[in-house]
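J.: Below is the structure I would like to discuss, written out as C-alpha cells.
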Amino acid sequence: MWRKTLTENDGFFQRLGYQIIRTIALVVRGFASKNLNDKAKSITYSMIFALIPILAMIIAVARGFGMVNVIEQQLNKSFLGETNLVPTIMEMVQRYLDTTQGGVFIGIGLLILLWAVYSFFQSVETAFNKIWNVKSSRSVLRQATTYIAIVVLIPVLIICSAGINIFVHTTIETTLHIEKLHEFFHEGSGQFLQFFMCWFIFTWMYIAIPNTKVNILSGLIPGVIMGTLFQLLQMLSVYLIAMLSRTSIVYGAFATIPILMTWLQYTSLLILIGAEMSYAIQNNEEFEYEHDLNSMSRRYKDFIMLYLLYGIIKRFEADEAPMTAHEMAIRDHLPIRLVNRLLGRMVETGILREVYVEGKEEKTFMPALDTHKMSLGMVIDRIEKQGKELFLQSPSEEMQQFWQKYTKISEKYDALGQIMIDEL
C-alpha cells in the first residue's frame with residue numbers, strides 16, 4: 001500500500017481508493033500511538049470547567065443581537081435539553097452575566113471567565129499541534145483572537161440558522177397550504193441547518209486551531225464526517241436518557257450525569273480523531289515508502305540527491321522554470337518526504353537556494369553556485385562535511401592520529417572533482 005506513490009496509480013478512482021485506505025490506516029495508527037483516548041479525557045475535564053463560561057460569552061453576544069431566546073431554544077433542542085439541565089445552566093450563566101453593566105464584563109468574574117475559555121481552547125490547540133507534529137504554539141495574541149472569533153461565531157451561526165429556518169417556514173406557509181408537507185419541510189430544514197452548522201464549526205476548527213497551514217479540503221472532509229457523527233452521538237445520547245429515565249432504578253434522577261460525562265468524552269474523542277484525519281489527508285504522501293526510507297543505504301540516498309541536483313541544473317541551464325519539491329516527486333515517482341529531506345540538506349549546505357516564483361504557491365529550487373564549477377567531488381565533500389566536527393574536549397592521541405589519516409581520504413574526491421554534474 002505504501003510502496004507505490006499516488007501518481008503511479010492509474011485513474012482517479014484507483015488513486016482515491018488508495019488514499020482512503022491509507023488515511024484510515026494512518027488514523028488508526030495515530031489513535032494508538034498518540035494516545036488520543038487519554039488526550040480526550042484531559043480535554044473533557046477542561047470542557048466541563050469551561051462549559052458555563054463559554055455559554056456565558058455566547059449568550060452575551062446573543063444578548064447584543066436581542067436573540068437570547070434563540071440560544072435557549074437551541075439548547076433545549078440539543079442533548080442538554082433532554083438532561084433537564086438547561087434551567088440550571090441558564091441560572092449559572094446568569095450569575096456570570098449579573099456582574100456586567102452595559103454588556104461589559106468587569107471584575108474577577110471576567111478574569112475567571114476568560115481564563116476558563118482560554119485554558120480550554122489552549123488544551124485543544126496543544127492536542128492538535130501534537131497531532132500535526134507542530135512544536136511551537138502561536139502567540140498569545142493570535143490565540144486570543146482565534147478563540148474569541150470561535151466563541152463569537154457560534155451564536156452568530158445559531159442566530160443565522162434560526163433566521164433562515166424562520167424564513168423557510170414563513171415562505172412555505174405562505175406558498176404551500178398542505179399541512180403535512182409544511183411540517184415535513186419545516187422539520188427537514190431545521191435538521192439540515194443543525195447539521196450544516198456542525199459541519200461549518202468542525203471544519204473551521206480543524207483549519208484555524210492548528211498552528212500550521214491546513215488546506216480547505218483537509219479540514220472540510222473530517223469536518224463533515226465528525227460533524228455528522230457528533231449529531232448522531234447527540235441523538236443516541238438523547239435516546240439513552242429517555243430510556244434510562246423510564247427504566248433506571250440504580251441512578252434515578254442522577255442517570256443523566258454519567259451519560260453527560262460520557263457524551264463530553266466521546267465528543268472530545270471525535271474532535272481529536274477528526275484532527276488526526278485532517279493530518280492524515282494532508283500528509284498522506286509523507287508516509288510513502290516509510291519503512292524503506294528508514295533502512296535506506298547512504299549510497300542510494302546520495303544517488304537520488306545527485307539525480308535531483310542534476311535535474312535542477314539541467315532546467316536552469318535550459319532557462320526553464322524551476323520546479324517545486326512536489327513537482328519533482330510526481331515527475332520521478334519519488335516519496336515526497338525523501339525529496340523534501342534531500343533538497344533541504346542541499347539548501348543547508350549552500351548547494352541550492354529556495355526561490356518563490358510567480359504562479360506557484362510552494363517554493364522552488366535553483367542552483368546557488370556556478371553550475372560549471374559544480375562537480376561531484378565538491379557536492380559530496382560539502383555533504384560529508386555538513387555539521388559539527390572536532391567538538392570533543394579531550395580526544396585521545398590515538399584518536400587524533402586516526403583523524404589525520406582519515407581526513408587524507410578526502411583525496412578520493414580529486415577524481416570525482418573532474419566530473420561536472422551537468423555532464424552526467
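Chain identifiers are assigned as A, B, and so on, following the order in which chains appear in the C-alpha cells; residues are numbered from 1 within each chain, and ligands are numbered from 1 in order of appearance.
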Report as a count of residues only all protein, DNA and RNA residues lying within 12 Å of stretch 127-142 of chain A, evaluated on only C-alpha atoms, omitting residues in the same chain fewer than 5 positions from it.

T.: 50

J.: Based on the backbone DSSP call, show me all residues of stretch 237-373 of chain A assigned strand (DSSP E or B), as a list of chain:residue names.

T.: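 Put together, the selection reads A:Thr324, A:Leu352, A:Arg353, A:Glu354, A:Val355, A:Thr364, A:Phe365, A:Met366, A:Pro367.
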
J.: Could you write out the selected residues, including C-alpha atoms, as a short mmCIF file (atom, residue, chain, number, x, y, z; two decimals), in the first residue's frame?

T.:
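Result went into again33.cif, see below:
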data_model
loop_
_atom_site.label_atom_id
_atom_site.label_comp_id
_atom_site.auth_asym_id
_atom_site.auth_seq_id
_atom_site.Cartn_x
_atom_site.Cartn_y
_atom_site.Cartn_z
CA THR A 324 8.80 22.61 -6.58
CA LEU A 352 20.73 25.06 -3.71
CA ARG A 353 18.63 28.09 -2.87
CA GLU A 354 14.90 28.43 -2.40
CA VAL A 355 13.05 30.76 -4.76
CA THR A 364 11.05 26.18 -5.95
CA PHE A 365 14.74 25.28 -6.07
CA MET A 366 17.63 26.68 -8.12
CA PRO A 367 21.44 26.25 -8.02
#

J.: Could you tell me which of A:Val61, A:Leu236, A:Met346, A:Leu309 comes closest to A:Thr262 if we count only C-alpha atoms?

T.: A:Leu236

J.: Report, in Å with one decimal, the straight-line distance from atom CA of A:Ile221 to atom CA of A:Thr203.

T.: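 One can read the atom CA of A:Ile221 to atom CA of A:Thr203 distance as 7.8 Å.
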
J.: Need to verify the contact set: A:Leu342, 12 Å, only C-alpha atoms, exclusion of same-chain residues closer than 6 positions in sequence. Can you return it as a list in words?

T.: Leu293, Arg298, Tyr300, Lys301, Asp302, Phe303, Ile304, Met305, Leu306, Tyr307, Leu308, Leu309, Ala325, Met328, Ala329, Leu334, Pro335, Ile336, Glu348, Thr349, Ile351, Leu352, Phe365 and Ile383 of chain A

J.: Atoms to include: N, CA and C atoms. Write the selected residues as a PDB file, in the first residue's frame.

T.:
ATOM      1  N   LEU A 293      12.553   4.027   3.625  1.00  0.00           N
ATOM      2  CA  LEU A 293      13.376   5.211   3.879  1.00  0.00           C
ATOM      3  C   LEU A 293      14.158   5.073   5.173  1.00  0.00           C
ATOM      4  N   ARG A 298      23.172   4.675   2.478  1.00  0.00           N
ATOM      5  CA  ARG A 298      23.715   6.012   2.234  1.00  0.00           C
ATOM      6  C   ARG A 298      24.027   6.212   0.759  1.00  0.00           C
ATOM      7  N   TYR A 300      22.507   4.934  -1.893  1.00  0.00           N
ATOM      8  CA  TYR A 300      21.297   5.169  -2.689  1.00  0.00           C
ATOM      9  C   TYR A 300      20.716   6.545  -2.392  1.00  0.00           C
ATOM     10  N   LYS A 301      20.858   6.982  -1.148  1.00  0.00           N
ATOM     11  CA  LYS A 301      20.382   8.313  -0.780  1.00  0.00           C
ATOM     12  C   LYS A 301      21.192   9.384  -1.519  1.00  0.00           C
ATOM     13  N   ASP A 302      22.528   9.199  -1.583  1.00  0.00           N
ATOM     14  CA  ASP A 302      23.369  10.153  -2.319  1.00  0.00           C
ATOM     15  C   ASP A 302      23.046  10.136  -3.809  1.00  0.00           C
ATOM     16  N   PHE A 303      22.751   8.957  -4.332  1.00  0.00           N
ATOM     17  CA  PHE A 303      22.407   8.846  -5.747  1.00  0.00           C
ATOM     18  C   PHE A 303      21.160   9.663  -6.073  1.00  0.00           C
ATOM     19  N   ILE A 304      20.103   9.535  -5.276  1.00  0.00           N
ATOM     20  CA  ILE A 304      18.864  10.278  -5.534  1.00  0.00           C
ATOM     21  C   ILE A 304      19.089  11.771  -5.345  1.00  0.00           C
ATOM     22  N   MET A 305      19.897  12.135  -4.363  1.00  0.00           N
ATOM     23  CA  MET A 305      20.197  13.543  -4.142  1.00  0.00           C
ATOM     24  C   MET A 305      20.915  14.141  -5.357  1.00  0.00           C
ATOM     25  N   LEU A 306      21.905  13.432  -5.869  1.00  0.00           N
ATOM     26  CA  LEU A 306      22.634  13.920  -7.038  1.00  0.00           C
ATOM     27  C   LEU A 306      21.736  13.954  -8.280  1.00  0.00           C
ATOM     28  N   TYR A 307      20.803  12.999  -8.368  1.00  0.00           N
ATOM     29  CA  TYR A 307      19.893  12.997  -9.512  1.00  0.00           C
ATOM     30  C   TYR A 307      18.958  14.212  -9.464  1.00  0.00           C
ATOM     31  N   LEU A 308      18.472  14.545  -8.268  1.00  0.00           N
ATOM     32  CA  LEU A 308      17.632  15.734  -8.131  1.00  0.00           C
ATOM     33  C   LEU A 308      18.423  16.988  -8.500  1.00  0.00           C
ATOM     34  N   LEU A 309      19.670  17.049  -8.038  1.00  0.00           N
ATOM     35  CA  LEU A 309      20.522  18.197  -8.366  1.00  0.00           C
ATOM     36  C   LEU A 309      20.781  18.263  -9.864  1.00  0.00           C
ATOM     37  N   ALA A 325       9.271  20.924  -4.910  1.00  0.00           N
ATOM     38  CA  ALA A 325       9.580  19.562  -4.439  1.00  0.00           C
ATOM     39  C   ALA A 325       8.473  18.593  -4.839  1.00  0.00           C
ATOM     40  N   MET A 328       8.829  17.618  -8.507  1.00  0.00           N
ATOM     41  CA  MET A 328       9.915  16.658  -8.711  1.00  0.00           C
ATOM     42  C   MET A 328       9.484  15.262  -8.269  1.00  0.00           C
ATOM     43  N   ALA A 329       8.763  15.193  -7.152  1.00  0.00           N
ATOM     44  CA  ALA A 329       8.309  13.894  -6.655  1.00  0.00           C
ATOM     45  C   ALA A 329       7.351  13.235  -7.641  1.00  0.00           C
ATOM     46  N   LEU A 334       8.806   9.718  -6.793  1.00  0.00           N
ATOM     47  CA  LEU A 334       9.596   9.630  -5.561  1.00  0.00           C
ATOM     48  C   LEU A 334       8.734   9.983  -4.360  1.00  0.00           C
ATOM     49  N   PRO A 335       9.012   9.410  -3.199  1.00  0.00           N
ATOM     50  CA  PRO A 335       8.278   9.812  -1.984  1.00  0.00           C
ATOM     51  C   PRO A 335       8.611  11.251  -1.623  1.00  0.00           C
ATOM     52  N   ILE A 336       7.596  12.049  -1.349  1.00  0.00           N
ATOM     53  CA  ILE A 336       7.782  13.480  -1.121  1.00  0.00           C
ATOM     54  C   ILE A 336       8.619  13.739   0.128  1.00  0.00           C
ATOM     55  N   GLU A 348      20.785  23.679   3.012  1.00  0.00           N
ATOM     56  CA  GLU A 348      21.593  23.952   4.208  1.00  0.00           C
ATOM     57  C   GLU A 348      23.083  24.031   3.892  1.00  0.00           C
ATOM     58  N   THR A 349      23.549  23.259   2.929  1.00  0.00           N
ATOM     59  CA  THR A 349      24.975  23.257   2.584  1.00  0.00           C
ATOM     60  C   THR A 349      25.325  24.296   1.522  1.00  0.00           C
ATOM     61  N   ILE A 351      24.269  24.488  -1.605  1.00  0.00           N
ATOM     62  CA  ILE A 351      24.303  23.987  -2.987  1.00  0.00           C
ATOM     63  C   ILE A 351      23.095  24.490  -3.766  1.00  0.00           C
ATOM     64  N   LEU A 352      21.964  24.562  -3.094  1.00  0.00           N
ATOM     65  CA  LEU A 352      20.734  25.058  -3.709  1.00  0.00           C
ATOM     66  C   LEU A 352      20.225  26.262  -2.928  1.00  0.00           C
ATOM     67  N   PHE A 365      13.319  25.450  -6.396  1.00  0.00           N
ATOM     68  CA  PHE A 365      14.739  25.283  -6.074  1.00  0.00           C
ATOM     69  C   PHE A 365      15.596  25.560  -7.302  1.00  0.00           C
ATOM     70  N   ILE A 383      28.475  17.758   1.434  1.00  0.00           N
ATOM     71  CA  ILE A 383      27.525  16.949   2.191  1.00  0.00           C
ATOM     72  C   ILE A 383      28.239  16.211   3.317  1.00  0.00           C
TER      73      ILE A 383
END

J.: Hey, which of A:Ile20, A:Ile54, A:Ile259, A:Leu217 ends up closest to A:Ser237? Count only C-alpha atoms.

T.: A:Ile259

J.: Would you compute the distance between atom CA of A:Glu125 and atom CA of A:Thr44? Give it in Å to one decimal.

T.: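 These two atoms are separated by 13.9 Å.
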
J.: Do you know which residues are at most 10 Å from A:His291 counting only C-alpha atoms, after dropping those on the same chain fewer than 4 positions away, and could you put them as a PyMOL selection string?

T.: chain A and resi 2-3+287+295-296

J.: As an exercise, work out the distance from atom CA of A:Lys314 to atom CA of A:Val347 in Å and give it to one decimal place.

T.: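 Pair atom CA of A:Lys314 / atom CA of A:Val347 returns 17.6 Å.
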
J.: Taking only C-alpha atoms into account, name the residue in A:Phe391, A:Trp204, A:Tyr266, A:Phe13 that is nearest to A:Leu229.

T.: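 Smallest separation from A:Leu229 among the options: A:Tyr266.
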
J.: Determine, counting only C-alpha atoms, which protein, DNA and RNA residues have an atom within 12 Å of an atom of A:Thr371; residues of the same chain fewer than 3 positions away are not included. Present the result as a CSV table (one decimal) with N, CA and C atoms, in the first residue's frame.

T.:
chain,number,residue,atom,x,y,z
A,309,LEU,N,19.7,17.0,-8.0
A,309,LEU,CA,20.5,18.2,-8.4
A,309,LEU,C,20.8,18.3,-9.9
A,310,TYR,N,21.0,17.1,-10.5
A,310,TYR,CA,21.2,17.1,-11.9
A,310,TYR,C,20.0,17.6,-12.7
A,311,GLY,N,18.8,17.3,-12.3
A,311,GLY,CA,17.6,17.8,-12.9
A,311,GLY,C,17.4,19.3,-12.8
A,312,ILE,N,17.8,19.8,-11.6
A,312,ILE,CA,17.6,21.2,-11.3
A,312,ILE,C,18.6,22.0,-12.2
A,313,ILE,N,19.9,21.5,-12.3
A,313,ILE,CA,20.9,22.2,-13.1
A,313,ILE,C,20.5,22.2,-14.6
A,314,LYS,N,20.0,21.0,-15.1
A,314,LYS,CA,19.6,21.0,-16.5
A,314,LYS,C,18.5,21.9,-16.8
A,315,ARG,N,17.5,22.1,-15.9
A,315,ARG,CA,16.4,23.0,-16.2
A,315,ARG,C,17.0,24.5,-16.1
A,316,PHE,N,17.9,24.7,-15.2
A,316,PHE,CA,18.5,26.1,-15.0
A,316,PHE,C,19.2,26.4,-16.3
A,317,GLU,N,20.0,25.5,-16.8
A,317,GLU,CA,20.8,25.8,-18.0
A,317,GLU,C,20.0,25.9,-19.2
A,351,ILE,N,24.3,24.5,-1.6
A,351,ILE,CA,24.3,24.0,-3.0
A,351,ILE,C,23.1,24.5,-3.8
A,352,LEU,N,22.0,24.6,-3.1
A,352,LEU,CA,20.7,25.1,-3.7
A,352,LEU,C,20.2,26.3,-2.9
A,366,MET,N,16.7,26.3,-7.1
A,366,MET,CA,17.6,26.7,-8.1
A,366,MET,C,19.1,26.5,-7.6
A,367,PRO,N,20.0,26.3,-8.5
A,367,PRO,CA,21.4,26.2,-8.0
A,367,PRO,C,21.9,27.5,-7.3
A,368,ALA,N,22.6,27.4,-6.2
A,368,ALA,CA,23.2,28.5,-5.5
A,368,ALA,C,24.6,28.8,-5.9
A,374,MET,N,30.3,23.1,-10.5
A,374,MET,CA,29.7,22.2,-9.6
A,374,MET,C,30.0,20.7,-9.9
A,375,SER,N,31.1,20.2,-9.3
A,375,SER,CA,31.5,18.8,-9.6
A,375,SER,C,30.9,17.8,-8.6
A,376,LEU,N,31.0,16.6,-8.9
A,376,LEU,CA,30.6,15.5,-8.0
A,376,LEU,C,31.4,15.6,-6.7
A,378,MET,N,32.9,18.1,-5.3
A,378,MET,CA,32.6,19.3,-4.5
A,378,MET,C,31.3,19.1,-3.7
A,379,VAL,N,30.3,18.5,-4.4
A,379,VAL,CA,29.0,18.3,-3.8
A,379,VAL,C,29.1,17.3,-2.7
A,419,ILE,N,34.6,15.5,-12.7
A,419,ILE,CA,33.3,15.2,-13.4
A,419,ILE,C,32.3,16.2,-13.0
A,420,MET,N,31.8,17.0,-14.0
A,420,MET,CA,30.8,18.0,-13.7
A,420,MET,C,29.4,17.3,-13.7
A,421,ILE,N,28.5,17.8,-12.8
A,421,ILE,CA,27.2,17.1,-12.7
A,421,ILE,C,26.4,17.3,-14.0
A,422,ASP,N,26.5,18.4,-14.6
A,422,ASP,CA,25.7,18.7,-15.8
A,422,ASP,C,26.2,17.9,-17.0
A,423,GLU,N,27.4,17.2,-16.8
A,423,GLU,CA,27.9,16.4,-17.9
A,423,GLU,C,27.5,14.9,-17.8

J.: Step one, run DSSP on the backbone; step two, keep only residues of stretch 178-371 of chain A assigned to helix (DSSP H, G or I); then write them as a PyMOL selection string.

T.: chain A and resi 179-208+216-247+252-282+284-287+290-294+298-317+325-332+336-348+371

J.: How about saving the chosen residues, C-alpha atoms kept, as a compact mmCIF listing (two decimals), in the first residue's frame?

T.:
# COMPACT_ATOMS: atom_id res chain seq x y z
CA GLU A 179 -50.21 20.92 6.43
CA LYS A 180 -48.22 17.64 6.35
CA LEU A 181 -45.97 18.90 3.57
CA HIS A 182 -45.48 22.11 5.51
CA GLU A 183 -44.40 20.19 8.64
CA PHE A 184 -42.08 17.98 6.60
CA PHE A 185 -40.25 20.94 5.04
CA HIS A 186 -40.12 22.79 8.35
CA GLU A 187 -38.59 19.90 10.31
CA GLY A 188 -36.28 18.92 7.45
CA SER A 189 -34.86 22.42 7.06
CA GLY A 190 -34.27 22.63 10.82
CA GLN A 191 -32.39 19.31 10.88
CA PHE A 192 -30.30 20.24 7.85
CA LEU A 193 -29.35 23.61 9.34
CA GLN A 194 -28.21 21.89 12.55
CA PHE A 195 -26.03 19.51 10.55
CA PHE A 196 -24.69 22.35 8.39
CA MET A 197 -23.82 24.40 11.46
CA CYS A 198 -21.88 21.45 12.93
CA TRP A 199 -20.08 20.89 9.62
CA PHE A 200 -19.05 24.54 9.46
CA ILE A 201 -17.85 24.74 13.09
CA PHE A 202 -15.87 21.47 12.92
CA THR A 203 -14.31 22.41 9.57
CA TRP A 204 -13.29 25.86 10.75
CA MET A 205 -11.90 24.36 13.96
CA TYR A 206 -9.68 21.91 12.04
CA ILE A 207 -8.37 24.69 9.79
CA ALA A 208 -7.98 27.51 12.32
CA ILE A 216 -9.51 23.57 2.92
CA LEU A 217 -10.12 20.01 1.73
CA SER A 218 -8.16 18.54 4.66
CA GLY A 219 -10.41 20.44 7.04
CA LEU A 220 -13.69 20.03 5.16
CA ILE A 221 -13.71 16.22 4.86
CA PRO A 222 -13.18 15.47 8.59
CA GLY A 223 -15.38 18.45 9.44
CA VAL A 224 -18.35 16.96 7.61
CA ILE A 225 -17.71 13.42 8.86
CA MET A 226 -17.15 14.35 12.51
CA GLY A 227 -19.94 16.94 12.46
CA THR A 228 -22.33 14.24 11.28
CA LEU A 229 -21.09 11.76 13.89
CA PHE A 230 -21.47 14.45 16.55
CA GLN A 231 -25.12 14.90 15.64
CA LEU A 232 -25.67 11.13 15.62
CA LEU A 233 -23.95 10.84 19.01
CA GLN A 234 -26.24 13.54 20.33
CA MET A 235 -29.31 11.66 19.04
CA LEU A 236 -28.07 8.44 20.63
CA SER A 237 -27.50 10.18 23.97
CA VAL A 238 -31.00 11.65 23.87
CA TYR A 239 -32.41 8.15 23.29
CA LEU A 240 -30.38 6.70 26.18
CA ILE A 241 -31.54 9.42 28.56
CA ALA A 242 -35.16 8.89 27.57
CA MET A 243 -34.79 5.14 28.09
CA LEU A 244 -32.98 5.42 31.42
CA SER A 245 -35.47 7.94 32.76
CA ARG A 246 -38.15 5.27 32.35
CA THR A 247 -36.24 2.19 33.45
CA GLY A 252 -32.62 7.53 39.38
CA ALA A 253 -32.51 11.30 38.86
CA PHE A 254 -28.72 11.14 38.58
CA ALA A 255 -28.85 8.94 35.47
CA THR A 256 -28.08 11.91 33.25
CA ILE A 257 -24.74 12.65 34.95
CA PRO A 258 -22.75 9.61 33.71
CA ILE A 259 -24.33 9.98 30.26
CA LEU A 260 -23.37 13.67 30.21
CA MET A 261 -19.78 12.83 31.16
CA THR A 262 -19.65 10.06 28.55
CA TRP A 263 -21.11 12.38 25.92
CA LEU A 264 -18.48 15.04 26.63
CA GLN A 265 -15.67 12.47 26.50
CA TYR A 266 -16.79 10.97 23.20
CA THR A 267 -17.32 14.46 21.80
CA SER A 268 -13.71 15.27 22.70
CA LEU A 269 -12.59 11.99 21.14
CA LEU A 270 -14.48 12.77 17.91
CA ILE A 271 -12.78 16.16 17.75
CA LEU A 272 -9.31 14.60 18.12
CA ILE A 273 -10.00 11.78 15.64
CA GLY A 274 -11.12 14.43 13.14
CA ALA A 275 -7.87 16.33 13.69
CA GLU A 276 -5.91 13.11 13.10
CA MET A 277 -7.93 12.51 9.93
CA SER A 278 -7.19 16.06 8.76
CA TYR A 279 -3.46 15.46 9.30
CA ALA A 280 -3.61 12.09 7.51
CA ILE A 281 -5.39 13.55 4.47
CA GLN A 282 -2.96 16.43 4.05
CA ASN A 284 -0.84 11.13 3.05
CA GLU A 285 2.10 11.20 0.67
CA GLU A 286 4.57 11.79 3.51
CA PHE A 287 4.31 8.13 4.54
CA GLU A 290 8.23 4.95 5.05
CA HIS A 291 9.88 1.67 6.15
CA ASP A 292 12.21 1.68 3.13
CA LEU A 293 13.38 5.21 3.88
CA ASN A 294 14.25 4.24 7.44
CA ARG A 298 23.71 6.01 2.23
CA ARG A 299 24.85 5.32 -1.34
CA TYR A 300 21.30 5.17 -2.69
CA LYS A 301 20.38 8.31 -0.78
CA ASP A 302 23.37 10.15 -2.32
CA PHE A 303 22.41 8.85 -5.75
CA ILE A 304 18.86 10.28 -5.53
CA MET A 305 20.20 13.54 -4.14
CA LEU A 306 22.63 13.92 -7.04
CA TYR A 307 19.89 13.00 -9.51
CA LEU A 308 17.63 15.73 -8.13
CA LEU A 309 20.52 18.20 -8.37
CA TYR A 310 21.20 17.05 -11.92
CA GLY A 311 17.61 17.76 -12.95
CA ILE A 312 17.64 21.20 -11.29
CA ILE A 313 20.90 22.17 -13.09
CA LYS A 314 19.63 20.97 -16.49
CA ARG A 315 16.44 23.03 -16.16
CA PHE A 316 18.45 26.06 -15.04
CA GLU A 317 20.84 25.82 -17.99
CA ALA A 325 9.58 19.56 -4.44
CA HIS A 326 6.12 18.18 -5.12
CA GLU A 327 6.59 18.52 -8.88
CA MET A 328 9.92 16.66 -8.71
CA ALA A 329 8.31 13.89 -6.65
CA ILE A 330 5.50 13.49 -9.19
CA ARG A 331 7.89 13.56 -12.16
CA ASP A 332 10.08 10.73 -10.87
CA ILE A 336 7.78 13.48 -1.12
CA ARG A 337 9.31 13.06 2.35
CA LEU A 338 12.62 11.92 0.82
CA VAL A 339 12.59 14.73 -1.76
CA ASN A 340 11.97 17.38 0.91
CA ARG A 341 14.69 15.93 3.13
CA LEU A 342 17.35 15.82 0.39
CA LEU A 343 16.50 19.24 -1.05
CA GLY A 344 16.58 20.74 2.45
CA ARG A 345 20.00 19.21 3.02
CA MET A 346 21.35 20.78 -0.17
CA VAL A 347 19.89 24.15 0.80
CA GLU A 348 21.59 23.95 4.21
CA THR A 371 26.87 25.23 -12.34
